[in-house]
Amino acid sequence: MKAIVVTDQAAGTAGMTLTERPEPPAAINDVIVQIHASGFVPTEIEWPSTWTDRAGHDKTPSILGHELAGVVTALGYGTTGLSVGQRVFGLADWHRDGTLAEYVAIEARNLAPLPGDVDFTVGASLPISGLTAWQGLFQHGRLQSGQTVLAHGAAGAVGTMVTQLAREAGAYVIGTGRAADREKALDFGAHEFVDLENDALQDVGDVDLVFDVIGGDVQRRSAALIKAGGTLVSVVGPVEARPADGLAVDFVVEADRAELGEIVQRVRDGRLRTNIGDVASFDDALGALNPTTRRSGKTVIRVRP
C-alpha cells in the first residue's frame with residue numbers, strides 16, 4: 001500500500017516520502033480501515049511517539065497522521081461494536097503506524113460511526129481538533145454557562161472548535177491571534193478578539209478559563225488573568241505559569257467514541273462548523289504537508305478520490 005513515512009528526525013517535514021509499505025494485519029480488538037481521508041498536525045514531527053515505540057525503541061520508518069475517516073474492511077479476533085463495510089472516523093494510537101496510508105490497523109474503541117451525510121474530508125478534520133476542544137473545555141476546564149473563556153489561537157483548527165463549543169455551552173468567548181485572524185475568529189463565534197501583537201492582553205480583565213495552544217510568554221501573561229477558582233488548560237506541554245488561586249492542567253487528547261459522536265452530531269445539525277484549510281490528493285500530499293505559506297485551518301489529505 002502507499003503511505004507517507006519519515007525516517008530522519010533531523011529532516012523534519014522535508015524528510016517525508018510517499019512510498020510502498022506492507023498492508024497491516026488486524027490484531028486482537030483491531031479493525032482494518034480503508035482510509036478515504038486523513039488529517040495532519042504539523043507538530044507530529046516533533047512528537048517522541050512519531051519516532052519511538054512505547055519501550056523507547058526506534059520505530060522508523062514511521063507512517064505519519066493520526067486522524068482518519070474511511071471504511072472498515074476487516075475485523076480482528078474478538079472485535080465488537082463495528083462491522084465490515086461501516087463508515088467510521090477516529091483517532092489512531094500515537095505510538096502505532098498512522099493514517100497517511102491506504103490502510104490502517106486501529107483499535108475499534110478509537111473509532112466512531114461516521115454518518116452517511118458527513119463527507120470523509122469533514123470526518124478526517126474532526127478528531128484531534130474536536131476532541132481537544134471538548135476535553136479541554138468540559139473534562140479539564142469544567143466549563144459552566146456564564147463563564148468567560150480566553151481562547152488562544154482562535155482562528156486555528158483547535159481554536160475555532162473551542163470557540164464554538166464554549167459559546168454553545170453559554171460562555172463568553174474572547175479569542176486571540178494575529179491581526180489577520182480577527183475576522184475569522186469573530187466569524188466562528190468569538191465575542192471579542194485580542195491581537196496578541198498589538199493589543200494589551202491584560203486589558204481583557206478576569207477570566208474563568210484560559211485555553212492555551214501557544215505557551216511561553218503568552219501563557220505567563222494569561223495565568224495572571226485567571227479568577228480565583230479558575231483554570232488554565234494547556235495543550236503545549238507542562239504548564240510553566242500557574243494561576244495564583246486556580247488550577248493549571250496540561251493534557252494529551254484521547255480517543256473517545258461517545259465524544260466523537262457528540263461532535264459529529266453537532267456538525268450534522270449545523271451547531272459546529274469545520275475549519276478545513278488545504279485539501280490535497282494523496283499524490284499531491286507532500287506539497288500540502290510542506291506549505292510555503294502559513295496554514296489556515298486543518299490540512300486534510302484525500303487518500304482515496
# chains A, B, ... in the order shown; residues from 1 in each chain; ligands from 1
call {"tool": "residues_around", "arguments": {"residues": "A:Thr43", "least_positions_apart": "4", "cutoff": "10 Å", "atoms": "only C-alpha atoms", "output": "PyMOL selection string"}}
result
chain A and resi 12-13+47
call {"tool": "residues_around", "arguments": {"residues": "A:Ser49", "least_positions_apart": "3", "cutoff": "10 Å", "atoms": "only C-alpha atoms", "output": "list in words"}}
result
Glu44, Ile45, Glu46, Thr52, Asp53, Arg54, Gly56, Asp58, Lys59, Ser62, Asp93, Trp94, His95, Arg96 and Asp97 of chain A
call {"tool": "write_last_selection", "arguments": {"atoms": "N, CA, C and O atoms", "output": "JSON list (two decimals), in the first residue's frame"}}
result
[["chain", "number", "residue", "atom", "x", "y", "z"],
["A", 44, "GLU", "N", 3.44, 16.90, 14.63],
["A", 44, "GLU", "CA", 3.71, 15.46, 14.76],
["A", 44, "GLU", "C", 5.19, 15.14, 14.61],
["A", 44, "GLU", "O", 5.71, 14.21, 15.23],
["A", 45, "ILE", "N", 5.87, 15.89, 13.76],
["A", 45, "ILE", "CA", 7.28, 15.65, 13.52],
["A", 45, "ILE", "C", 8.10, 15.79, 14.80],
["A", 45, "ILE", "O", 9.16, 15.17, 14.96],
["A", 46, "GLU", "N", 7.61, 16.58, 15.74],
["A", 46, "GLU", "CA", 8.33, 16.84, 16.98],
["A", 46, "GLU", "C", 7.93, 15.88, 18.10],
["A", 46, "GLU", "O", 8.56, 15.89, 19.17],
["A", 52, "THR", "N", 9.62, 6.71, 18.22],
["A", 52, "THR", "CA", 9.90, 5.53, 19.06],
["A", 52, "THR", "C", 8.60, 4.87, 19.50],
["A", 52, "THR", "O", 7.54, 5.52, 19.57],
["A", 53, "ASP", "N", 8.71, 3.58, 19.82],
["A", 53, "ASP", "CA", 7.55, 2.88, 20.35],
["A", 53, "ASP", "C", 7.45, 3.12, 21.86],
["A", 53, "ASP", "O", 8.23, 3.90, 22.43],
["A", 54, "ARG", "N", 6.52, 2.44, 22.51],
["A", 54, "ARG", "CA", 6.30, 2.69, 23.94],
["A", 54, "ARG", "C", 7.50, 2.30, 24.80],
["A", 54, "ARG", "O", 7.66, 2.80, 25.90],
["A", 56, "GLY", "N", 10.51, 2.89, 23.89],
["A", 56, "GLY", "CA", 11.59, 3.80, 23.57],
["A", 56, "GLY", "C", 12.48, 3.34, 22.43],
["A", 56, "GLY", "O", 13.51, 3.96, 22.17],
["A", 58, "ASP", "N", 13.51, 2.66, 18.48],
["A", 58, "ASP", "CA", 13.30, 3.29, 17.18],
["A", 58, "ASP", "C", 12.27, 2.51, 16.38],
["A", 58, "ASP", "O", 12.37, 1.29, 16.26],
["A", 59, "LYS", "N", 11.27, 3.21, 15.85],
["A", 59, "LYS", "CA", 10.22, 2.51, 15.09],
["A", 59, "LYS", "C", 10.17, 2.95, 13.62],
["A", 59, "LYS", "O", 9.24, 2.59, 12.91],
["A", 62, "SER", "N", 8.35, 5.49, 10.06],
["A", 62, "SER", "CA", 7.06, 5.73, 10.71],
["A", 62, "SER", "C", 6.07, 6.32, 9.71],
["A", 62, "SER", "O", 6.40, 7.24, 8.97],
["A", 93, "ASP", "N", -3.80, 5.52, 17.53],
["A", 93, "ASP", "CA", -2.84, 5.48, 18.64],
["A", 93, "ASP", "C", -1.57, 6.24, 18.26],
["A", 93, "ASP", "O", -1.06, 6.13, 17.14],
["A", 94, "TRP", "N", -1.03, 7.01, 19.23],
["A", 94, "TRP", "CA", 0.16, 7.82, 18.96],
["A", 94, "TRP", "C", 1.37, 6.98, 18.59],
["A", 94, "TRP", "O", 2.21, 7.41, 17.79],
["A", 95, "HIS", "N", 1.51, 5.81, 19.17],
["A", 95, "HIS", "CA", 2.74, 5.04, 19.00],
["A", 95, "HIS", "C", 2.69, 4.04, 17.85],
["A", 95, "HIS", "O", 3.70, 3.40, 17.55],
["A", 96, "ARG", "N", 1.54, 3.89, 17.23],
["A", 96, "ARG", "CA", 1.43, 2.93, 16.13],
["A", 96, "ARG", "C", 1.52, 3.66, 14.80],
["A", 96, "ARG", "O", 1.49, 4.89, 14.72],
["A", 97, "ASP", "N", 1.64, 2.88, 13.72],
["A", 97, "ASP", "CA", 1.65, 3.49, 12.39],
["A", 97, "ASP", "C", 0.38, 4.29, 12.17],
["A", 97, "ASP", "O", -0.71, 3.91, 12.63]]
call {"tool": "select_by_dssp", "arguments": {"residues": "stretch 3-206 of chain A", "states": "strand (DSSP E)", "output": "ChimeraX atom specification"}}
result
/A:3-6,17-20,30-40,62-63,67-75,87-91,103-107,111-113,148-151,172-177,192-195
call {"tool": "residues_around", "arguments": {"residues": "A:Ala228", "least_positions_apart": "6", "cutoff": "8 Å", "atoms": "only C-alpha atoms", "output": "PyMOL selection string"}}
result
chain A and resi 244-246
call {"tool": "write_last_selection", "arguments": {"atoms": "N, CA, C and O atoms", "output": "short mmCIF file (atom, residue, chain, number, x, y, z; two decimals), in the first residue's frame"}}
result
data_model
loop_
_atom_site.label_atom_id
_atom_site.label_comp_id
_atom_site.auth_asym_id
_atom_site.auth_seq_id
_atom_site.Cartn_x
_atom_site.Cartn_y
_atom_site.Cartn_z
N ALA A 244 -2.56 32.23 40.32
CA ALA A 244 -2.27 32.41 41.75
C ALA A 244 -3.25 31.64 42.63
O ALA A 244 -2.87 31.09 43.67
N ASP A 245 -4.51 31.58 42.20
CA ASP A 245 -5.53 30.92 43.01
C ASP A 245 -6.46 30.11 42.12
O ASP A 245 -7.67 30.33 42.08
N GLY A 246 -5.86 29.20 41.36
CA GLY A 246 -6.65 28.38 40.45
C GLY A 246 -5.90 27.12 40.07
O GLY A 246 -4.86 26.81 40.65
#
call {"tool": "atom_distance", "arguments": {"atom1": "atom CA of A:Asn198", "atom2": "atom CA of A:Val218"}}
result
13.0 Å
call {"tool": "residues_around", "arguments": {"residues": "stretch 40-42 of chain A", "least_positions_apart": "3", "cutoff": "8 Å", "atoms": "only C-alpha atoms", "output": "count of residues only"}}
result
11
call {"tool": "residues_around", "arguments": {"residues": "A:Lys2", "least_positions_apart": "5", "cutoff": "7 Å", "atoms": "only C-alpha atoms", "output": "count of residues only"}}
result
6
call {"tool": "closest_residue", "arguments": {"among": "A:Val71, A:Leu201, A:Val235, A:Ala27", "to": "A:Gly175", "atoms": "only C-alpha atoms"}}
result
A:Leu201
call {"tool": "select_by_dssp", "arguments": {"residues": "stretch 54-272 of chain A", "states": "helix (DSSP H, G or I)", "output": "VMD selection string"}}
result
chain A and resid 108 to 110 120 to 125 127 to 140 157 to 168 179 to 187 201 to 204 216 to 223 257 to 268
call {"tool": "closest_atom_pairs", "arguments": {"of": "stretch 156-177 of chain A", "to": "stretch 266-282 of chain A", "cutoff": "9 Å", "atoms": "only C-alpha atoms", "output": "JSON lines"}}
result
{"residue": "A:Gly156", "atom": "CA", "partner": "A:Asn275", "partner_atom": "CA", "distance": 7.6}
{"residue": "A:Ala157", "atom": "CA", "partner": "A:Asn275", "partner_atom": "CA", "distance": 5.7}
{"residue": "A:Val158", "atom": "CA", "partner": "A:Asn275", "partner_atom": "CA", "distance": 8.7}
{"residue": "A:Thr160", "atom": "CA", "partner": "A:Asn275", "partner_atom": "CA", "distance": 7.0}
{"residue": "A:Met161", "atom": "CA", "partner": "A:Leu272", "partner_atom": "CA", "distance": 7.6}
{"residue": "A:Gln164", "atom": "CA", "partner": "A:Leu272", "partner_atom": "CA", "distance": 6.5}
{"residue": "A:Leu165", "atom": "CA", "partner": "A:Leu272", "partner_atom": "CA", "distance": 7.6}
{"residue": "A:Glu168", "atom": "CA", "partner": "A:Arg271", "partner_atom": "CA", "distance": 7.8}
call {"tool": "residues_around", "arguments": {"residues": "A:Gln202", "least_positions_apart": "4", "cutoff": "12 Å", "atoms": "only C-alpha atoms", "output": "VMD selection string"}}
result
chain A and resid 150 194 to 196 206 to 207 218 220 to 226
call {"tool": "write_last_selection", "arguments": {"atoms": "N, CA, C and O atoms", "output": "compact mmCIF listing (two decimals), in the first residue's frame"}}
result
# COMPACT_ATOMS: atom_id res chain seq x y z
N LEU A 150 -10.91 32.59 27.64
CA LEU A 150 -9.90 33.21 26.79
C LEU A 150 -9.33 32.11 25.90
O LEU A 150 -8.66 31.20 26.39
N VAL A 194 -8.55 39.71 20.59
CA VAL A 194 -7.36 40.41 21.05
C VAL A 194 -6.21 40.08 20.09
O VAL A 194 -5.87 38.91 19.89
N ASP A 195 -5.63 41.10 19.50
CA ASP A 195 -4.45 40.96 18.64
C ASP A 195 -3.23 40.87 19.56
O ASP A 195 -2.85 41.85 20.20
N LEU A 196 -2.64 39.70 19.65
CA LEU A 196 -1.55 39.48 20.60
C LEU A 196 -0.30 40.30 20.28
O LEU A 196 0.56 40.49 21.14
N ASP A 206 -10.51 39.84 34.13
CA ASP A 206 -10.50 38.49 34.70
C ASP A 206 -11.29 37.51 33.84
O ASP A 206 -12.35 37.86 33.30
N VAL A 207 -10.78 36.28 33.77
CA VAL A 207 -11.46 35.22 33.02
C VAL A 207 -11.52 33.96 33.89
O VAL A 207 -10.75 33.78 34.83
N VAL A 218 2.97 34.20 26.40
CA VAL A 218 1.52 34.35 26.33
C VAL A 218 0.86 33.58 27.48
O VAL A 218 -0.07 34.07 28.12
N ARG A 220 2.25 32.88 30.38
CA ARG A 220 2.55 33.57 31.64
C ARG A 220 1.63 34.77 31.85
O ARG A 220 1.12 35.00 32.94
N ARG A 221 1.43 35.55 30.79
CA ARG A 221 0.55 36.71 30.91
C ARG A 221 -0.90 36.30 31.14
O ARG A 221 -1.65 36.96 31.85
N SER A 222 -1.28 35.18 30.53
CA SER A 222 -2.66 34.70 30.66
C SER A 222 -2.95 34.19 32.05
O SER A 222 -4.06 34.37 32.58
N ALA A 223 -1.97 33.53 32.69
CA ALA A 223 -2.19 32.97 34.02
C ALA A 223 -2.58 34.04 35.02
O ALA A 223 -3.35 33.80 35.96
N ALA A 224 -2.07 35.25 34.81
CA ALA A 224 -2.35 36.35 35.74
C ALA A 224 -3.79 36.86 35.63
O ALA A 224 -4.25 37.61 36.50
N LEU A 225 -4.49 36.46 34.58
CA LEU A 225 -5.85 36.94 34.35
C LEU A 225 -6.92 36.04 34.95
O LEU A 225 -8.10 36.40 34.96
N ILE A 226 -6.51 34.86 35.42
CA ILE A 226 -7.49 33.85 35.83
C ILE A 226 -8.06 34.16 37.21
O ILE A 226 -7.32 34.40 38.17
call {"tool": "closest_residue", "arguments": {"among": "A:Leu260, A:Ile128, A:Val72, A:Leu91", "to": "A:Gln34", "atoms": "only C-alpha atoms"}}
result
A:Val72
call {"tool": "closest_residue", "arguments": {"among": "A:Arg294, A:Arg302, A:His57, A:His152", "to": "A:Ala190", "atoms": "only C-alpha atoms"}}
result
A:His152
call {"tool": "residues_around", "arguments": {"residues": "A:Ala154", "least_positions_apart": "6", "cutoff": "12 Å", "atoms": "only C-alpha atoms", "output": "VMD selection string"}}
result
chain A and resid 129 133 160 to 164 166 173 to 196 210 to 214 275 296 to 297
call {"tool": "write_last_selection", "arguments": {"atoms": "C-alpha atoms", "output": "PDB file, in the first residue's frame"}}
result
ATOM      1  CA  SER A 129      -9.359  19.449  16.909  1.00  0.00           C
ATOM      2  CA  ALA A 133     -11.548  21.324  22.409  1.00  0.00           C
ATOM      3  CA  THR A 160     -12.348  27.565  16.192  1.00  0.00           C
ATOM      4  CA  MET A 161     -13.675  24.374  17.831  1.00  0.00           C
ATOM      5  CA  VAL A 162     -13.000  25.803  21.313  1.00  0.00           C
ATOM      6  CA  THR A 163     -14.837  28.993  20.416  1.00  0.00           C
ATOM      7  CA  GLN A 164     -17.908  27.277  19.007  1.00  0.00           C
ATOM      8  CA  ALA A 166     -17.703  27.210  24.532  1.00  0.00           C
ATOM      9  CA  VAL A 173     -15.503  33.866  24.443  1.00  0.00           C
ATOM     10  CA  ILE A 174     -12.531  36.176  23.945  1.00  0.00           C
ATOM     11  CA  GLY A 175     -10.407  34.944  21.044  1.00  0.00           C
ATOM     12  CA  THR A 176      -6.771  35.819  20.385  1.00  0.00           C
ATOM     13  CA  GLY A 177      -4.343  35.601  17.497  1.00  0.00           C
ATOM     14  CA  ARG A 178      -2.632  37.765  14.935  1.00  0.00           C
ATOM     15  CA  ALA A 179      -4.294  40.822  13.448  1.00  0.00           C
ATOM     16  CA  ALA A 180      -5.081  38.905  10.255  1.00  0.00           C
ATOM     17  CA  ASP A 181      -7.049  36.342  12.296  1.00  0.00           C
ATOM     18  CA  ARG A 182      -9.589  38.817  13.676  1.00  0.00           C
ATOM     19  CA  GLU A 183     -12.396  38.382  11.154  1.00  0.00           C
ATOM     20  CA  LYS A 184     -12.119  34.601  11.089  1.00  0.00           C
ATOM     21  CA  ALA A 185     -12.152  34.326  14.880  1.00  0.00           C
ATOM     22  CA  LEU A 186     -15.217  36.565  15.108  1.00  0.00           C
ATOM     23  CA  ASP A 187     -16.898  34.664  12.263  1.00  0.00           C
ATOM     24  CA  PHE A 188     -16.503  31.416  14.229  1.00  0.00           C
ATOM     25  CA  GLY A 189     -18.240  32.982  17.210  1.00  0.00           C
ATOM     26  CA  ALA A 190     -15.749  34.856  19.401  1.00  0.00           C
ATOM     27  CA  HIS A 191     -17.450  37.772  21.158  1.00  0.00           C
ATOM     28  CA  GLU A 192     -14.203  39.774  21.245  1.00  0.00           C
ATOM     29  CA  PHE A 193     -10.767  39.474  19.678  1.00  0.00           C
ATOM     30  CA  VAL A 194      -7.356  40.411  21.046  1.00  0.00           C
ATOM     31  CA  ASP A 195      -4.452  40.958  18.642  1.00  0.00           C
ATOM     32  CA  LEU A 196      -1.546  39.478  20.601  1.00  0.00           C
ATOM     33  CA  VAL A 210      -7.749  30.069  29.561  1.00  0.00           C
ATOM     34  CA  PHE A 211      -7.383  27.575  26.720  1.00  0.00           C
ATOM     35  CA  ASP A 212      -3.720  27.788  25.766  1.00  0.00           C
ATOM     36  CA  VAL A 213      -2.290  26.494  22.483  1.00  0.00           C
ATOM     37  CA  ILE A 214       0.752  28.812  22.482  1.00  0.00           C
ATOM     38  CA  ASN A 275     -12.178  24.728   9.822  1.00  0.00           C
ATOM     39  CA  SER A 296      -5.168  28.414   7.718  1.00  0.00           C
ATOM     40  CA  GLY A 297      -7.199  25.582   9.216  1.00  0.00           C
TER      41      GLY A 297
END
call {"tool": "atom_distance", "arguments": {"atom1": "atom CA of A:Gln86", "atom2": "atom CA of A:Gly130"}}
result
21.5 Å
call {"tool": "closest_residue", "arguments": {"among": "A:Val253, A:Gly216, A:Thr99, A:Ile35", "to": "A:Pro238", "atoms": "only C-alpha atoms"}}
result
A:Gly216
call {"tool": "atom_distance", "arguments": {"atom1": "atom CA of A:Leu111", "atom2": "atom CA of A:Ala155"}}
result
26.8 Å
call {"tool": "decode", "arguments": {"residues": "stretch 244-260 of chain A", "atoms": "N, CA and C atoms", "output": "PDB file, in the first residue's frame"}}
result
ATOM      1  N   ALA A 244      -2.558  32.231  40.321  1.00  0.00           N
ATOM      2  CA  ALA A 244      -2.271  32.408  41.746  1.00  0.00           C
ATOM      3  C   ALA A 244      -3.248  31.636  42.625  1.00  0.00           C
ATOM      4  N   ASP A 245      -4.507  31.581  42.198  1.00  0.00           N
ATOM      5  CA  ASP A 245      -5.529  30.925  43.012  1.00  0.00           C
ATOM      6  C   ASP A 245      -6.464  30.114  42.120  1.00  0.00           C
ATOM      7  N   GLY A 246      -5.863  29.203  41.359  1.00  0.00           N
ATOM      8  CA  GLY A 246      -6.654  28.383  40.452  1.00  0.00           C
ATOM      9  C   GLY A 246      -5.897  27.125  40.071  1.00  0.00           C
ATOM     10  N   LEU A 247      -6.403  26.429  39.076  1.00  0.00           N
ATOM     11  CA  LEU A 247      -5.800  25.185  38.626  1.00  0.00           C
ATOM     12  C   LEU A 247      -5.056  25.383  37.315  1.00  0.00           C
ATOM     13  N   ALA A 248      -4.033  24.564  37.097  1.00  0.00           N
ATOM     14  CA  ALA A 248      -3.338  24.504  35.818  1.00  0.00           C
ATOM     15  C   ALA A 248      -3.309  23.049  35.378  1.00  0.00           C
ATOM     16  N   VAL A 249      -3.774  22.787  34.157  1.00  0.00           N
ATOM     17  CA  VAL A 249      -3.883  21.423  33.651  1.00  0.00           C
ATOM     18  C   VAL A 249      -3.254  21.358  32.268  1.00  0.00           C
ATOM     19  N   ASP A 250      -2.353  20.388  32.065  1.00  0.00           N
ATOM     20  CA  ASP A 250      -1.924  20.098  30.694  1.00  0.00           C
ATOM     21  C   ASP A 250      -2.362  18.679  30.381  1.00  0.00           C
ATOM     22  N   PHE A 251      -2.758  18.450  29.150  1.00  0.00           N
ATOM     23  CA  PHE A 251      -3.279  17.130  28.805  1.00  0.00           C
ATOM     24  C   PHE A 251      -2.955  16.783  27.363  1.00  0.00           C
ATOM     25  N   VAL A 252      -3.001  15.491  27.082  1.00  0.00           N
ATOM     26  CA  VAL A 252      -2.876  14.966  25.723  1.00  0.00           C
ATOM     27  C   VAL A 252      -4.234  14.391  25.340  1.00  0.00           C
ATOM     28  N   VAL A 253      -4.739  14.782  24.207  1.00  0.00           N
ATOM     29  CA  VAL A 253      -6.068  14.356  23.781  1.00  0.00           C
ATOM     30  C   VAL A 253      -6.135  12.835  23.636  1.00  0.00           C
ATOM     31  N   GLU A 254      -7.300  12.273  23.948  1.00  0.00           N
ATOM     32  CA  GLU A 254      -7.513  10.838  23.872  1.00  0.00           C
ATOM     33  C   GLU A 254      -8.716  10.543  22.988  1.00  0.00           C
ATOM     34  N   ALA A 255      -8.676   9.392  22.337  1.00  0.00           N
ATOM     35  CA  ALA A 255      -9.826   8.967  21.543  1.00  0.00           C
ATOM     36  C   ALA A 255     -10.993   8.654  22.465  1.00  0.00           C
ATOM     37  N   ASP A 256     -12.204   8.999  22.031  1.00  0.00           N
ATOM     38  CA  ASP A 256     -13.396   8.722  22.822  1.00  0.00           C
ATOM     39  C   ASP A 256     -14.586   8.625  21.872  1.00  0.00           C
ATOM     40  N   ARG A 257     -15.154   7.430  21.757  1.00  0.00           N
ATOM     41  CA  ARG A 257     -16.234   7.204  20.785  1.00  0.00           C
ATOM     42  C   ARG A 257     -17.455   8.071  21.079  1.00  0.00           C
ATOM     43  N   ALA A 258     -17.847   8.165  22.338  1.00  0.00           N
ATOM     44  CA  ALA A 258     -19.036   8.942  22.679  1.00  0.00           C
ATOM     45  C   ALA A 258     -18.839  10.422  22.355  1.00  0.00           C
ATOM     46  N   GLU A 259     -17.660  10.952  22.660  1.00  0.00           N
ATOM     47  CA  GLU A 259     -17.396  12.363  22.382  1.00  0.00           C
ATOM     48  C   GLU A 259     -17.329  12.626  20.876  1.00  0.00           C
ATOM     49  N   LEU A 260     -16.734  11.700  20.125  1.00  0.00           N
ATOM     50  CA  LEU A 260     -16.736  11.836  18.669  1.00  0.00           C
ATOM     51  C   LEU A 260     -18.170  11.886  18.138  1.00  0.00           C
TER      52      LEU A 260
END
